[in-house]
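K.L.:
File final_18.csv follows (CSV, C-alpha atoms):
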chain,number,residue,atom,x,y,z
O,1,MET,CA,113.4,106.9,96.6
O,2,ALA,CA,112.8,109.8,98.9
O,3,SER,CA,109.6,111.7,98.8
O,4,PRO,CA,109.7,114.9,96.7
O,5,TYR,CA,107.5,116.6,99.2
O,6,GLN,CA,109.0,118.5,102.2
O,7,THR,CA,108.1,117.0,105.6
O,8,LYS,CA,107.2,119.3,108.4
O,9,THR,CA,106.1,118.6,112.0
O,10,PHE,CA,103.8,120.1,114.5
O,11,THR,CA,102.9,119.2,118.1
O,12,SER,CA,99.5,117.5,118.7
O,13,ASP,CA,98.6,116.6,122.2
O,14,GLY,CA,102.3,116.4,123.2
O,15,LEU,CA,103.4,114.3,120.2
O,16,SER,CA,105.3,115.3,117.1
O,17,ILE,CA,103.2,114.7,114.0
O,18,ALA,CA,104.8,114.7,110.6
O,19,TYR,CA,102.9,116.1,107.6
O,20,PHE,CA,103.4,117.8,104.2
O,21,ASP,CA,101.5,120.6,102.6
O,22,GLU,CA,101.8,121.1,98.8
O,23,GLY,CA,100.1,123.1,96.1
O,24,GLU,CA,97.4,125.7,96.0
O,25,GLY,CA,93.6,125.7,95.6
O,26,ASP,CA,91.0,123.9,97.7
O,27,PRO,CA,92.7,122.0,100.5
O,28,ILE,CA,92.3,118.2,100.8
O,29,LEU,CA,93.6,116.3,103.9
O,30,LEU,CA,94.7,112.7,103.3
O,31,ILE,CA,94.7,110.2,106.2
O,32,HIS,CA,96.5,106.9,105.5
O,33,GLY,CA,95.7,103.4,106.7
O,34,PHE,CA,97.1,101.1,109.3
O,35,ALA,CA,100.9,100.3,109.1
O,36,SER,CA,101.1,102.7,106.1
O,37,SER,CA,102.3,106.2,105.8
O,38,THR,CA,101.8,109.3,103.6
O,39,GLU,CA,104.6,108.0,101.3
O,40,MET,CA,103.1,104.5,101.0
O,41,ASN,CA,99.4,105.3,100.8
O,42,TRP,CA,99.4,108.6,98.9
O,43,VAL,CA,102.7,109.5,97.2
O,44,THR,CA,103.8,106.1,95.7
O,45,PRO,CA,100.3,105.3,94.3
O,46,GLY,CA,100.2,108.7,92.5
O,47,TRP,CA,97.4,110.3,94.5
O,48,VAL,CA,99.4,113.4,95.4
O,49,ASP,CA,100.4,114.1,91.8
O,50,THR,CA,96.8,113.4,90.7
O,51,LEU,CA,95.3,115.9,93.2
O,52,LEU,CA,98.0,118.6,92.6
O,53,LYS,CA,97.3,118.3,88.8
O,54,ASP,CA,93.6,118.8,89.6
O,55,GLY,CA,94.5,122.2,91.1
O,56,ARG,CA,94.2,121.2,94.8
O,57,ARG,CA,96.3,121.9,97.9
O,58,VAL,CA,97.3,118.5,99.2
O,59,ILE,CA,98.0,118.0,102.9
O,60,ALA,CA,98.9,114.6,104.3
O,61,LEU,CA,99.9,113.5,107.8
O,62,ASP,CA,101.6,110.4,109.2
O,63,ASN,CA,99.3,109.1,111.9
O,64,ARG,CA,100.9,108.9,115.4
O,65,GLY,CA,102.8,105.6,115.7
O,66,HIS,CA,103.4,105.6,111.9
O,67,GLY,CA,105.9,106.9,109.4
O,68,GLU,CA,107.9,109.8,110.6
O,69,SER,CA,105.5,110.8,113.4
O,70,GLU,CA,106.3,110.1,117.0
O,71,LYS,CA,105.8,106.6,118.4
O,72,THR,CA,104.3,106.1,121.8
O,73,TYR,CA,103.8,102.8,123.8
O,74,GLU,CA,100.6,103.5,125.6
O,75,LYS,CA,97.4,101.9,124.3
O,76,GLU,CA,95.3,104.9,125.4
O,77,ALA,CA,97.4,107.1,123.1
O,78,TYR,CA,95.9,105.5,120.1
O,79,GLY,CA,92.3,104.9,118.8
O,80,ALA,CA,90.7,106.4,115.7
O,81,HIS,CA,89.0,109.1,117.8
O,82,VAL,CA,92.3,110.1,119.3
O,83,MET,CA,94.0,110.2,115.8
O,84,ALA,CA,91.0,112.2,114.5
O,85,GLY,CA,92.1,114.8,117.1
O,86,ASP,CA,95.5,115.0,115.5
O,87,ALA,CA,93.9,115.6,112.1
O,88,ALA,CA,91.7,118.4,113.5
O,89,ARG,CA,94.7,120.0,115.2
O,90,LEU,CA,96.5,120.0,111.9
O,91,ILE,CA,93.6,121.8,110.2
O,92,ASP,CA,93.8,124.4,113.0
O,93,HIS,CA,97.6,124.5,112.8
O,94,LEU,CA,97.4,125.4,109.1
O,95,GLY,CA,94.8,128.0,109.7
O,96,LEU,CA,92.2,126.4,107.5
O,97,GLU,CA,88.5,127.0,107.8
O,98,ARG,CA,87.7,123.6,106.4
O,99,ALA,CA,89.1,121.0,104.1
O,100,ASP,CA,88.0,118.0,102.0
O,101,VAL,CA,89.1,114.8,103.7
O,102,MET,CA,90.0,111.4,102.4
O,103,GLY,CA,91.0,108.5,104.5
O,104,TYR,CA,91.9,104.9,103.5
O,105,SER,CA,91.0,101.9,105.7
O,106,MET,CA,91.9,102.9,109.2
O,107,GLY,CA,92.2,106.4,107.8
O,108,ALA,CA,88.6,106.2,106.7
O,109,ARG,CA,87.5,105.4,110.3
O,110,ILE,CA,89.6,108.3,111.5
O,111,SER,CA,88.0,110.5,108.9
O,112,ALA,CA,84.5,109.5,110.1
O,113,PHE,CA,85.3,110.4,113.7
O,114,LEU,CA,86.8,113.7,112.4
O,115,SER,CA,83.6,114.4,110.3
O,116,LEU,CA,81.3,113.6,113.2
O,117,SER,CA,83.1,115.6,115.8
O,118,HIS,CA,84.1,118.6,113.7
O,119,PRO,CA,81.5,118.7,110.8
O,120,GLU,CA,82.1,122.4,110.3
O,121,ARG,CA,85.8,121.7,109.4
O,122,VAL,CA,85.1,118.9,106.8
O,123,ARG,CA,83.8,120.1,103.4
O,124,SER,CA,83.4,116.5,102.1
O,125,VAL,CA,84.7,113.1,103.2
O,126,THR,CA,85.8,110.1,101.1
O,127,PHE,CA,85.9,106.7,102.8
O,128,GLY,CA,88.4,104.6,100.9
O,129,GLY,CA,88.7,100.9,101.6
O,130,LEU,CA,86.0,100.8,104.3
O,131,GLY,CA,82.3,100.2,103.8
O,132,TYR,CA,80.0,98.6,106.3
O,133,GLY,CA,83.1,97.5,108.2
O,134,MET,CA,82.9,101.0,109.6
O,135,ILE,CA,79.9,99.8,111.6
O,136,ARG,CA,80.6,96.1,112.0
O,137,GLY,CA,84.3,96.3,112.6
O,138,VAL,CA,86.8,94.5,110.4
O,139,GLY,CA,87.7,91.8,112.9
O,140,GLY,CA,91.0,90.0,113.6
O,141,GLN,CA,92.4,92.7,115.9
O,142,GLU,CA,94.1,90.3,118.4
O,143,GLU,CA,95.2,88.0,115.6
O,144,ILE,CA,96.9,90.9,113.8
O,145,ALA,CA,98.4,92.4,117.0
O,146,SER,CA,99.8,89.1,118.0
O,147,ALA,CA,101.4,88.7,114.6
O,148,LEU,CA,103.0,92.0,115.0
O,149,GLU,CA,104.4,91.0,118.3
O,150,ALA,CA,105.7,87.6,117.2
O,151,PRO,CA,109.5,87.2,117.2
O,152,THR,CA,109.7,86.7,113.4
O,153,LEU,CA,107.4,86.3,110.4
O,154,ASP,CA,108.0,82.6,110.5
O,155,ASP,CA,106.3,82.5,113.9
O,156,VAL,CA,103.0,83.8,112.5
O,157,GLN,CA,100.7,81.0,111.6
O,158,THR,CA,97.6,82.6,110.2
O,159,SER,CA,97.2,84.1,106.7
O,160,LEU,CA,95.7,87.4,108.0
O,161,GLY,CA,98.4,87.8,110.6
O,162,ARG,CA,101.1,87.1,108.0
O,163,ARG,CA,99.6,89.6,105.6
O,164,PHE,CA,99.7,92.4,108.1
O,165,ARG,CA,103.1,91.4,109.5
O,166,LEU,CA,104.7,91.3,106.1
O,167,PHE,CA,103.2,94.7,105.2
O,168,ALA,CA,104.4,96.2,108.4
O,169,GLN,CA,107.9,94.9,107.8
O,170,GLN,CA,107.9,96.2,104.2
O,171,THR,CA,107.0,99.7,105.5
O,172,LYS,CA,109.7,99.4,108.1
O,173,SER,CA,107.1,100.2,110.8
O,174,ASP,CA,107.5,100.1,114.6
O,175,LEU,CA,105.9,96.8,115.3
O,176,LYS,CA,105.3,97.4,119.0
O,177,ALA,CA,103.6,100.7,118.3
O,178,LEU,CA,101.5,99.2,115.6
O,179,ALA,CA,100.4,96.3,117.9
O,180,LEU,CA,99.1,98.8,120.5
O,181,CYS,CA,97.5,100.9,117.7
O,182,MET,CA,95.7,97.8,116.4
O,183,ARG,CA,94.3,96.9,119.7
O,184,ALA,CA,93.0,100.5,120.2
O,185,SER,CA,92.1,101.8,116.8
O,186,ASN,CA,89.1,99.7,115.6
O,187,ASN,CA,86.6,102.0,117.3
O,188,LYS,CA,83.1,101.1,116.0
O,189,ILE,CA,80.6,103.7,115.0
O,190,THR,CA,76.9,103.0,115.3
O,191,GLU,CA,74.4,103.2,112.5
O,192,GLU,CA,72.6,105.9,114.4
O,193,ALA,CA,75.8,108.0,114.6
O,194,ILE,CA,76.9,107.6,111.0
O,195,ALA,CA,73.4,108.5,109.9
O,196,GLU,CA,74.0,111.9,111.3
O,197,LEU,CA,77.0,112.5,109.1
O,198,GLN,CA,76.8,116.1,107.7
O,199,PRO,CA,79.5,116.5,105.0
O,200,PRO,CA,78.9,115.0,101.5
O,201,ALA,CA,80.3,111.5,101.5
O,202,LEU,CA,81.8,109.1,99.0
O,203,ILE,CA,82.5,105.4,99.7
O,204,ALA,CA,85.1,103.8,97.5
O,205,VAL,CA,85.7,100.0,97.9
O,206,GLY,CA,87.2,97.3,95.6
O,207,THR,CA,85.0,94.6,94.4
O,208,THR,CA,87.3,91.9,95.8
O,209,ASP,CA,88.1,93.6,99.1
O,210,ASP,CA,87.5,91.1,101.9
O,211,ILE,CA,88.2,93.6,104.7
O,212,ALA,CA,86.1,96.7,103.9
O,213,GLY,CA,82.6,95.4,104.0
O,214,SER,CA,79.8,96.6,101.6
O,215,ALA,CA,80.0,100.1,100.3
O,216,ASP,CA,76.3,100.0,99.4
O,217,GLU,CA,75.3,99.0,102.9
O,218,LEU,CA,77.1,101.9,104.4
O,219,ALA,CA,75.9,104.3,101.8
O,220,ALA,CA,72.3,103.3,102.5
O,221,ILE,CA,72.7,104.6,106.1
O,222,ILE,CA,74.4,108.0,105.2
O,223,PRO,CA,71.9,110.5,103.6
O,224,GLY,CA,73.1,111.4,100.1
O,225,ALA,CA,76.2,109.3,100.2
O,226,LYS,CA,77.7,108.2,96.8
O,227,VAL,CA,79.5,105.0,96.0
O,228,CYS,CA,82.6,104.4,93.9
O,229,ILE,CA,83.1,100.8,92.9
O,230,ILE,CA,86.7,99.8,92.1
O,231,PRO,CA,86.5,96.8,89.8
O,232,GLY,CA,88.6,93.8,90.4
O,233,ARG,CA,90.7,95.3,93.2
O,234,ASP,CA,91.3,94.0,96.7
O,235,HIS,CA,92.1,96.0,99.9
O,236,MET,CA,95.7,96.5,99.0
O,237,LEU,CA,95.5,97.0,95.2
O,238,ALA,CA,92.5,99.4,95.2
O,239,VAL,CA,94.6,102.2,96.8
O,240,GLY,CA,96.1,103.5,93.5
O,241,ASP,CA,93.5,102.3,91.0
O,242,LYS,CA,92.5,104.7,88.2
O,243,ALA,CA,88.8,104.1,88.8
O,244,TYR,CA,89.2,105.2,92.4
O,245,LYS,CA,91.0,108.3,91.4
O,246,ALA,CA,88.5,109.1,88.7
O,247,GLY,CA,85.6,108.6,91.1
O,248,VAL,CA,87.1,110.9,93.7
O,249,LEU,CA,87.9,113.7,91.2
O,250,ALA,CA,84.4,113.6,89.9
O,251,PHE,CA,83.0,113.7,93.5
O,252,LEU,CA,85.2,116.6,94.4
O,253,ALA,CA,84.1,118.5,91.3
O,254,GLU,CA,80.4,118.0,92.1
O,255,ARG,CA,80.3,118.5,95.9
O,256,PRO,CA,79.1,121.9,97.1
What is this file in structure tokens?

P.N.:
Amino acid sequence: MASPYQTKTFTSDGLSIAYFDEGEGDPILLIHGFASSTEMNWVTPGWVDTLLKDGRRVIALDNRGHGESEKTYEKEAYGAHVMAGDAARLIDHLGLERADVMGYSMGARISAFLSLSHPERVRSVTFGGLGYGMIRGVGGQEEIASALEAPTLDDVQTSLGRRFRLFAQQTKSDLKALALCMRASNNKITEEAIAELQPPALIAVGTTDDIAGSADELAAIIPGAKVCIIPGRDHMLAVGDKAYKAGVLAFLAERP
């Protein structure tokens, strides 16, 4: 089913980036995860409806190489810090002074780079699906990239590689672009850098998530950070969980 939200585009660093902008109220920018899209990460799991009903202006972009945004085949064109630049330019394009930001998985890493490089533009930040993996890295980059480049799913021998290849096929993604993105996007952030994070932060991770790393370990580094535990959910199933949504709404209601 097609998204009920009207997709627009703007040019960021020479690439066409797709986004939508719905509702009124305090703006929140949503940044999706690897091999996903605004539709898969935020619309289908009910996040957009939830935030609109909470009286918020909801903005979401398809990261470069994903969804309806332009694909490019140069490794240097990707990287979480590069995609954070697209997010910052979208905030500028919309004429916003600042916005709450929520990213999931790779989107959380992008949100961290955005928050560190443009703290004045980020009112608060929610890291979904990424805890201490923000510092440690989530691993398996080459394994996943190779799985995306394999001729068919049957040629992928590892469980991690098959999981990501299957998800990418389900989302009808550009496998070549994703392989390049995977090799470039897992930029690590040091403990010293994340300790300087200025916006209020929430870290939301499922209790059975074997990718994200510990939410508590990351929160211990970030002054004042809060944790939202998502009971019984893994990396994929945590995305639309009601405990995650309730935790984010409460956090947004309390942040300055």

K.L.:
So how many Å separate atom CA of Pro256 of chain O and atom CA of Ile28 of chain O, to one decimal?

P.N.:
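Between atom CA of Pro256 of chain O and atom CA of Ile28 of chain O the gap works out to 14.2 Å.
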
K.L.:
Smallest atom-to-atom distance to Leu237 of chain O: which of O:Pro200, O:Asp92, O:Asn41, O:Ser12, using only C-alpha atoms?

P.N.:
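Checking each of O:Pro200, O:Asp92, O:Asn41, O:Ser12 against Leu237 of chain O, counting only C-alpha atoms, the winner is O:Asn41.
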
K.L.:
Residues at most 9 Å from Arg163 of chain O, counting all atoms listed in the file, excluding those fewer than 5 positions away in the same chain, as a count of residues only?

P.N.:
3

K.L.:
So which one's closest to Phe113 of chain O, O:Tyr5, O:Trp47, O:Phe127, O:Phe251? Using all atoms listed in the file, please.

P.N.:
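For Phe113 of chain O, the nearest of the given residues is O:Phe127.
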
K.L.:
Name the residues in contact with segment 74-89 of chain O at a cut-off of 8 Å, using all atoms listed in the file, excluding same-chain residues fewer than 2 positions from it; report them as a list in words.

P.N.:
Ser12, Asp13, Ile17, Leu61, Asn63, Arg64, Thr72, Ile91, Asp92, His93, Met106, Arg109, Ile110, Ser111, Phe113, Leu114, His118, Arg121, Leu180, Cys181, Arg183, Ala184, Ser185, Asn186 and Asn187 of chain O

K.L.:
So how many Å separate atom CA of Leu249 of chain O and atom CA of Ala108 of chain O, to one decimal?

P.N.:
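Taking atom CA of Leu249 of chain O and atom CA of Ala108 of chain O, their separation equals 17.2 Å.
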
K.L.:
Can you tell me how far atom CA of Arg136 of chain O sits from atom CA of Lys188 of chain O, in Å to one decimal?

P.N.:
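That distance, rounded to one decimal, is 6.9 Å.
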
K.L.:
Give as a PyMOL selection string every residue, naming chains and numbers as the document does, that has an atom within 6 Å of (79.9, 115.4, 107.0), counting only C-alpha atoms.

P.N.:
chain O and resi 115+119+197-200

K.L.:
Ranking O:Tyr19, O:Lys172, O:Arg98, O:Thr207 by minimum distance to Thr7 of chain O and counting only C-alpha atoms, which one comes first?

P.N.:
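Looking only at the distances to Thr7 of chain O, the closest residue turns out to be O:Tyr19.
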
K.L.:
Have a look at O:Leu116, O:Leu202, O:Ile189, O:Met102 and name the one nearest to Gly133 of chain O; count only C-alpha atoms.

P.N.:
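Among the listed residues, O:Ile189 lies closest to Gly133 of chain O.
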
K.L.:
Please provide the set of residues having any atom within 10 Å of Thr126 of chain O, restricted to all atoms listed in the file, with same-chain residues fewer than 4 positions apart removed, written as number ranges by chain.

P.N.:
O: 30, 100-104, 107-108, 111-112, 130, 199-204, 225-228, 248, 251-252

K.L.:
Which residues, written as a ChimeraX atom specification, have at least one atom at most 12 Å from Val43 of chain O, with all atoms listed in the file counted and residues fewer than 6 positions away on the same chain left out?

P.N.:
/O:1-5,20,22,30,32,36-37,49-52,58-61,239-240

K.L.:
For a quick check of understanding, using all atoms listed in the file, which of O:Met236, O:Leu218, O:Ala246, O:Leu29 has the smallest distance to Met134 of chain O?

P.N.:
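Nearest candidate to Met134 of chain O out of O:Met236, O:Leu218, O:Ala246, O:Leu29: O:Leu218.
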
K.L.:
Padding 5 Å on each side, edges along x, y and z: where is the centre of the box around the listed atoms of segment 142-154 of chain O, and how long are its edges in Å to one decimal? Output it as AutoDock Vina command-line options.

P.N.:
--center_x 101.9 --center_y 87.5 --center_z 114.4 --size_x 25.6 --size_y 19.8 --size_z 18.0

K.L.:
Determine the nearest neighbour of His235 of chain O from the options O:Ala193, O:Ala212, O:Val125, O:Ala177, counting only C-alpha atoms.

P.N.:
O:Ala212

K.L.:
At a cut-off of 9 Å, using only C-alpha atoms, what residues contact Asp174 of chain O? Leave out same-chain residues fewer than 4 positions from it and give the result as a tab-separated table (two decimals) with C-alpha atoms, keeping the file's coordinate frame.

P.N.:
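So part-v5.tsv came out as:
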chain	number	residue	atom	x	y	z
O	35	ALA	CA	100.90	100.30	109.10
O	65	GLY	CA	102.80	105.60	115.70
O	66	HIS	CA	103.40	105.60	111.90
O	67	GLY	CA	105.90	106.90	109.40
O	71	LYS	CA	105.80	106.60	118.40
O	168	ALA	CA	104.40	96.20	108.40
O	169	GLN	CA	107.90	94.90	107.80
O	178	LEU	CA	101.50	99.20	115.60
O	179	ALA	CA	100.40	96.30	117.90
